[in-house]
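Enquirer: The following block contains the structure, expressed as structure tokens.
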Amino acid sequence: MAERSARGARRSRGRCSSQKFIRGRRLAAELVRDAGITHEDTVVDIGAGEGALTGELAQAARHVYAVELDARLAQRLRERFSTRRAIEVVEADFVEWPLPREAFKAVANIPFDRTNAILRHLLDDPGTPLRRADLVVEWGAALKRATVWPGTLLGVRWGVFYTFSVSRRLPRRSFQPAPSVDAGVLTVERRPLPLVPEQHCEAFATFVSAGFEAADRELRTTLAPFVSARQLKRMLDELGVPRSARARDLDVHGWARLFVRSWSPPSGRRATVRSNEGPFNSVQ
């Protein structure tokens, strides 16, 4: 069994305060089955813990990275799976670990208090070859990320490249020790075609961040550096959004359309955005 260490990763002798372990092999098997893992897949198990998901993943996937920060748990994983060549134990803090360069999926029961950091490591860079992630998170966090409206900064930035849904609810008794709230499986899937071309992702992030910088202010104020008040009024009318709209009033499709209609690439080439209603070209 191969083992890889991430340079500069933090080590911990104690278990993460929000870590909880899946009770029973049956639930672990169901989660792996629901994730649609095949023998062609490379999968990352984030916060592998005692290996409940790791073992089930190894039966379904081509290769499994079991990433675990706790040194004692990582050693137990090495011992438990010493004869399983498909499993590679990585003793590292996941958010500091370089992600695989080949296409991969993630199936994991992650610590509740690290949810945002883990999602950012997975999703902030659209060039990351993540195809799908099925993550056990706090129920409220699952609902928040799967909600299309009202918009949030991260929801919009990630939403042009990924879709989010909640595939099931898990009672708190499904874990040991039991958390204070129920959990949910947040499923993240890469869009076949992004709503904004990948080469414009940094410009889009800048555009959206400006809109959300002062969430209580109207877009005609926050987006003034990018588009004139007259143009913005016309665009909002086309989107069917009130002219007094704020950042949260637009979903990811609205933000994508607004971006390409108000921004021109330096080369002068017209950017294209895709939505459920078809392609829209920048006219500025």
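So you can find residues: chains in the structure tokens are A, B, ... in the order shown, residues in each start at 1, and ligands are numbered from 1 in order.
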As a PyMOL selection string, list the residues of segment 187-260 of chain A assigned to alpha helix (DSSP H) by DSSP on the backbone atoms of this structure.

Expert: chain A and resi 201-212+219-222+229-239+252-260

Enquirer: Using the selection just defined, write its residues with N, CA and C atoms as a short mmCIF file (atom, residue, chain, number, x, y, z; two decimals), in the first residue's frame.

Expert:
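What landed in part-v2.cif:
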```cif
data_model
loop_
_atom_site.label_atom_id
_atom_site.label_comp_id
_atom_site.auth_asym_id
_atom_site.auth_seq_id
_atom_site.Cartn_x
_atom_site.Cartn_y
_atom_site.Cartn_z
N CYS A 201 -13.08 33.16 -15.63
CA CYS A 201 -13.53 32.93 -14.25
C CYS A 201 -13.01 33.99 -13.29
N GLU A 202 -11.78 34.46 -13.48
CA GLU A 202 -11.25 35.47 -12.56
C GLU A 202 -11.99 36.79 -12.72
N ALA A 203 -12.28 37.16 -13.96
CA ALA A 203 -13.04 38.39 -14.19
C ALA A 203 -14.44 38.27 -13.61
N PHE A 204 -15.04 37.11 -13.76
CA PHE A 204 -16.38 36.89 -13.21
C PHE A 204 -16.35 36.98 -11.68
N ALA A 205 -15.33 36.39 -11.07
CA ALA A 205 -15.21 36.44 -9.61
C ALA A 205 -15.07 37.88 -9.13
N THR A 206 -14.30 38.69 -9.85
CA THR A 206 -14.14 40.10 -9.49
C THR A 206 -15.46 40.84 -9.61
N PHE A 207 -16.18 40.57 -10.68
CA PHE A 207 -17.48 41.20 -10.95
C PHE A 207 -18.48 40.87 -9.85
N VAL A 208 -18.59 39.59 -9.53
CA VAL A 208 -19.56 39.15 -8.51
C VAL A 208 -19.16 39.65 -7.12
N SER A 209 -17.86 39.61 -6.82
CA SER A 209 -17.39 40.07 -5.51
C SER A 209 -17.73 41.54 -5.30
N ALA A 210 -17.64 42.34 -6.37
CA ALA A 210 -18.00 43.75 -6.28
C ALA A 210 -19.48 43.89 -5.95
N GLY A 211 -20.30 43.05 -6.57
CA GLY A 211 -21.73 43.11 -6.32
C GLY A 211 -22.09 42.77 -4.89
N PHE A 212 -21.38 41.82 -4.30
CA PHE A 212 -21.67 41.37 -2.94
C PHE A 212 -20.88 42.12 -1.87
N LEU A 219 -27.44 47.11 -6.78
CA LEU A 219 -26.44 46.76 -7.79
C LEU A 219 -26.02 47.97 -8.62
N ARG A 220 -26.92 48.92 -8.82
CA ARG A 220 -26.56 50.10 -9.62
C ARG A 220 -25.45 50.90 -8.95
N THR A 221 -25.26 50.68 -7.64
CA THR A 221 -24.16 51.33 -6.92
C THR A 221 -22.92 50.45 -6.91
N THR A 222 -23.07 49.18 -6.55
CA THR A 222 -21.91 48.30 -6.40
C THR A 222 -21.28 47.94 -7.74
N ALA A 229 -25.40 53.10 -15.27
CA ALA A 229 -26.72 52.95 -14.66
C ALA A 229 -27.77 52.67 -15.72
N ARG A 230 -27.64 53.30 -16.86
CA ARG A 230 -28.62 53.10 -17.95
C ARG A 230 -28.57 51.67 -18.47
N GLN A 231 -27.36 51.18 -18.70
CA GLN A 231 -27.20 49.81 -19.19
C GLN A 231 -27.72 48.80 -18.16
N LEU A 232 -27.40 49.05 -16.89
CA LEU A 232 -27.83 48.11 -15.85
C LEU A 232 -29.35 48.06 -15.75
N LYS A 233 -29.99 49.19 -15.85
CA LYS A 233 -31.46 49.21 -15.81
C LYS A 233 -32.03 48.35 -16.93
N ARG A 234 -31.47 48.50 -18.12
CA ARG A 234 -31.95 47.72 -19.27
C ARG A 234 -31.74 46.23 -19.04
N MET A 235 -30.56 45.87 -18.53
CA MET A 235 -30.26 44.46 -18.30
C MET A 235 -31.18 43.86 -17.24
N LEU A 236 -31.40 44.60 -16.16
CA LEU A 236 -32.27 44.09 -15.10
C LEU A 236 -33.69 43.94 -15.60
N ASP A 237 -34.12 44.86 -16.45
CA ASP A 237 -35.46 44.74 -17.05
C ASP A 237 -35.56 43.46 -17.88
N GLU A 238 -34.50 43.17 -18.64
CA GLU A 238 -34.49 41.96 -19.47
C GLU A 238 -34.53 40.70 -18.62
N LEU A 239 -33.92 40.78 -17.45
CA LEU A 239 -33.90 39.63 -16.54
C LEU A 239 -35.18 39.52 -15.71
N VAL A 252 -27.63 32.33 -9.94
CA VAL A 252 -26.38 32.19 -10.69
C VAL A 252 -26.58 32.44 -12.18
N HIS A 253 -27.73 32.05 -12.74
CA HIS A 253 -27.99 32.29 -14.16
C HIS A 253 -28.11 33.79 -14.43
N GLY A 254 -28.77 34.51 -13.52
CA GLY A 254 -28.89 35.94 -13.69
C GLY A 254 -27.54 36.63 -13.63
N TRP A 255 -26.69 36.22 -12.69
CA TRP A 255 -25.36 36.80 -12.59
C TRP A 255 -24.53 36.51 -13.83
N ALA A 256 -24.62 35.31 -14.34
CA ALA A 256 -23.84 34.95 -15.53
C ALA A 256 -24.27 35.80 -16.73
N ARG A 257 -25.56 35.95 -16.91
CA ARG A 257 -26.06 36.75 -18.04
C ARG A 257 -25.67 38.22 -17.87
N LEU A 258 -25.79 38.72 -16.65
CA LEU A 258 -25.43 40.11 -16.39
C LEU A 258 -23.95 40.35 -16.67
N PHE A 259 -23.11 39.39 -16.30
CA PHE A 259 -21.67 39.52 -16.51
C PHE A 259 -21.32 39.64 -17.99
N VAL A 260 -21.80 38.73 -18.82
CA VAL A 260 -21.38 38.76 -20.22
C VAL A 260 -22.00 39.91 -20.99
#
```

Enquirer: Write out as JSON, numbers by chain the residues lying within 10 Å of Ile37 of chain A, counting only C-alpha atoms and excluding same-chain residues fewer than 3 positions away.

Expert: {"A": [31, 32, 33, 34, 40, 41, 42, 43, 57, 58, 59, 60, 61, 62, 105, 106, 107, 132]}

Enquirer: Take the residues that were just selected and, keeping C-alpha atoms, output them as a compact mmCIF listing (two decimals), in the first residue's frame.

Expert:
```txt
# COMPACT_ATOMS: atom_id res chain seq x y z
CA LEU A 31 -23.49 6.37 0.49
CA VAL A 32 -20.91 4.88 -1.88
CA ARG A 33 -23.64 3.31 -4.01
CA ASP A 34 -25.60 6.57 -4.19
CA GLU A 40 -12.78 3.68 -13.41
CA ASP A 41 -12.96 6.34 -10.70
CA THR A 42 -10.28 7.93 -8.57
CA VAL A 43 -11.92 8.99 -5.31
CA LEU A 57 -14.94 2.92 -1.77
CA ALA A 58 -12.02 0.57 -2.35
CA GLN A 59 -14.45 -2.14 -3.44
CA ALA A 60 -16.01 0.13 -6.05
CA ALA A 61 -13.26 2.51 -7.24
CA ARG A 62 -9.98 2.18 -9.10
CA LYS A 105 -14.55 12.38 -7.30
CA ALA A 106 -14.91 12.97 -3.58
CA VAL A 107 -17.03 10.95 -1.17
CA ARG A 132 -18.51 15.10 -8.46
```

Enquirer: Tell me, in Å to one decimal, how far atom CA of Ala141 of chain A is from atom CA of Asn116 of chain A.

Expert: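 According to the coordinates, atom CA of Ala141 of chain A and atom CA of Asn116 of chain A are separated by 9.1 Å.
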
Enquirer: From the list A:Val137, A:Val156, A:Ile46, A:Ala35, which residue is nearest Val181 of chain A when using only C-alpha atoms?

Expert: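 Answer, going by the shortest atom-to-atom distance: A:Val137.
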
Enquirer: Excluding Arg120 of chain A and its own-chain neighbours fewer than 3 positions away, which residues fall within 10 Å of it when counting only C-alpha atoms? Please give them as a PDB file with C-alpha atoms, in the first residue's frame.

Expert:
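Writing done, so here's out_38.pdb:
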```
ATOM      1  CA  VAL A  95      -7.053  21.941   2.717  1.00  0.00           C
ATOM      2  CA  THR A 115     -17.153  22.534   5.668  1.00  0.00           C
ATOM      3  CA  ASN A 116     -16.448  25.916   4.089  1.00  0.00           C
ATOM      4  CA  ALA A 117     -12.672  25.423   4.029  1.00  0.00           C
ATOM      5  CA  LEU A 123     -14.276  24.385  -5.757  1.00  0.00           C
ATOM      6  CA  ASP A 124     -12.465  27.732  -5.778  1.00  0.00           C
ATOM      7  CA  ASP A 125     -10.275  26.820  -8.756  1.00  0.00           C
ATOM      8  CA  LEU A 154     -19.737  31.600  -2.962  1.00  0.00           C
ATOM      9  CA  TRP A 158     -19.179  28.083  -7.654  1.00  0.00           C
TER      10      TRP A 158
END
```

Enquirer: Measuring atom to atom with only C-alpha atoms, identify which of A:His63, A:Arg76, A:Arg243, A:Arg190 is nearest to Thr38 of chain A.

Expert: A:His63

Enquirer: Among segment 50-202 of chain A, which ones does DSSP assign to strand (DSSP E or B) (computed from the backbone)? Answer as number ranges by chain.

Expert: A: 63-68, 70, 87-91, 104-109, 130-138, 162-170, 175-176, 183-190

Enquirer: Excluding Glu189 of chain A and residues on its chain fewer than 2 positions from it, collect all residues at most 7 Å away from it, counting only C-alpha atoms, and give them as a ChimeraX atom specification.

Expert: /A:131-133,162-164,187,191

Enquirer: Since we have the selection now, will you write its residues out, keeping N, CA and C atoms, as a tab-separated table (two decimals), in the first residue's frame?

Expert:
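Result written to out31.tsv:
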```
chain	number	residue	atom	x	y	z
A	131	ARG	N	-15.04	16.00	-10.62
A	131	ARG	CA	-16.22	15.69	-11.42
A	131	ARG	C	-17.48	15.66	-10.56
A	132	ARG	N	-17.35	15.19	-9.35
A	132	ARG	CA	-18.51	15.10	-8.46
A	132	ARG	C	-18.03	14.95	-7.03
A	133	ALA	N	-18.82	15.48	-6.10
A	133	ALA	CA	-18.52	15.30	-4.68
A	133	ALA	C	-19.82	14.99	-3.94
A	162	TYR	N	-20.63	24.38	-11.19
A	162	TYR	CA	-21.17	23.19	-10.52
A	162	TYR	C	-22.65	23.38	-10.18
A	163	THR	N	-23.35	22.26	-10.07
A	163	THR	CA	-24.71	22.26	-9.53
A	163	THR	C	-24.67	21.65	-8.13
A	164	PHE	N	-25.60	22.06	-7.30
A	164	PHE	CA	-25.66	21.60	-5.91
A	164	PHE	C	-27.05	21.05	-5.61
A	187	THR	N	-24.59	16.97	-2.68
A	187	THR	CA	-24.02	16.46	-3.93
A	187	THR	C	-23.66	17.62	-4.84
A	191	ARG	N	-20.89	20.98	-14.10
A	191	ARG	CA	-21.76	21.19	-15.24
A	191	ARG	C	-21.08	20.69	-16.52
```

Enquirer: Hey, which of A:Asp45, A:Glu50, A:Glu102, A:Asp113 ends up closest to Glu88 of chain A? Count only C-alpha atoms.

Expert: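 Selected residue with least distance to Glu88 of chain A: A:Asp45.
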
Enquirer: Hey, what's within 8 Å of Ala29 of chain A if we count only C-alpha atoms and toss same-chain stuff fewer than 4 positions away? As JSON, numbers by chain, please?

Expert: {"A": [25, 33, 53, 56]}

Enquirer: For His39 of chain A, which residue among A:Val166, A:Val185, A:Val64, A:Leu223 is the nearest when counting only C-alpha atoms?

Expert: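 That would be A:Val64, the residue with the smallest distance to His39 of chain A.
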
Enquirer: Just the residues within 9 Å of Gly51 of chain A, please, counting only C-alpha atoms, with nothing from its chain fewer than 3 positions along; format it as a list in words.

Expert: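 Using only C-alpha atoms, the neighbours found are Asp45, Ala48, Thr54, Gly55, Glu56, Ala66, Leu73, Arg76, Leu77, Arg80 and Phe81 of chain A.
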
Enquirer: Could you dump the residues just selected with N, CA and C atoms as a short mmCIF file (atom, residue, chain, number, x, y, z; two decimals), in the first residue's frame?

Expert:
```cif
data_model
loop_
_atom_site.label_atom_id
_atom_site.label_comp_id
_atom_site.auth_asym_id
_atom_site.auth_seq_id
_atom_site.Cartn_x
_atom_site.Cartn_y
_atom_site.Cartn_z
N ASP A 45 -11.37 10.39 -0.14
CA ASP A 45 -12.14 10.31 1.10
C ASP A 45 -11.52 11.32 2.06
N ALA A 48 -10.85 10.62 6.50
CA ALA A 48 -11.22 9.21 6.39
C ALA A 48 -11.53 8.56 7.73
N THR A 54 -13.87 4.49 3.40
CA THR A 54 -12.68 4.07 2.65
C THR A 54 -12.78 2.63 2.18
N GLY A 55 -13.16 1.74 3.08
CA GLY A 55 -13.26 0.33 2.73
C GLY A 55 -14.29 0.07 1.66
N GLU A 56 -15.44 0.73 1.76
CA GLU A 56 -16.49 0.55 0.76
C GLU A 56 -16.07 1.15 -0.58
N ALA A 66 -7.20 8.17 0.94
CA ALA A 66 -7.80 8.32 2.27
C ALA A 66 -7.02 9.40 3.00
N LEU A 73 -5.25 8.09 13.80
CA LEU A 73 -6.22 7.50 12.88
C LEU A 73 -5.56 7.11 11.56
N ARG A 76 -3.90 3.84 12.03
CA ARG A 76 -4.88 2.75 12.03
C ARG A 76 -5.34 2.41 10.62
N LEU A 77 -5.49 3.44 9.80
CA LEU A 77 -5.87 3.20 8.40
C LEU A 77 -4.80 2.40 7.68
N ARG A 80 -5.10 -1.17 8.96
CA ARG A 80 -6.33 -1.84 8.54
C ARG A 80 -6.31 -2.20 7.06
N PHE A 81 -5.76 -1.30 6.24
CA PHE A 81 -5.79 -1.51 4.80
C PHE A 81 -4.42 -1.83 4.22
#
```

Enquirer: Rank nothing, just name the residue among A:Val136, A:Ala92, A:Ala74, A:Ala215 nearest to Leu250 of chain A, using only C-alpha atoms.

Expert: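 Going through A:Val136, A:Ala92, A:Ala74, A:Ala215 one by one, the smallest distance to Leu250 of chain A is for A:Ala215.
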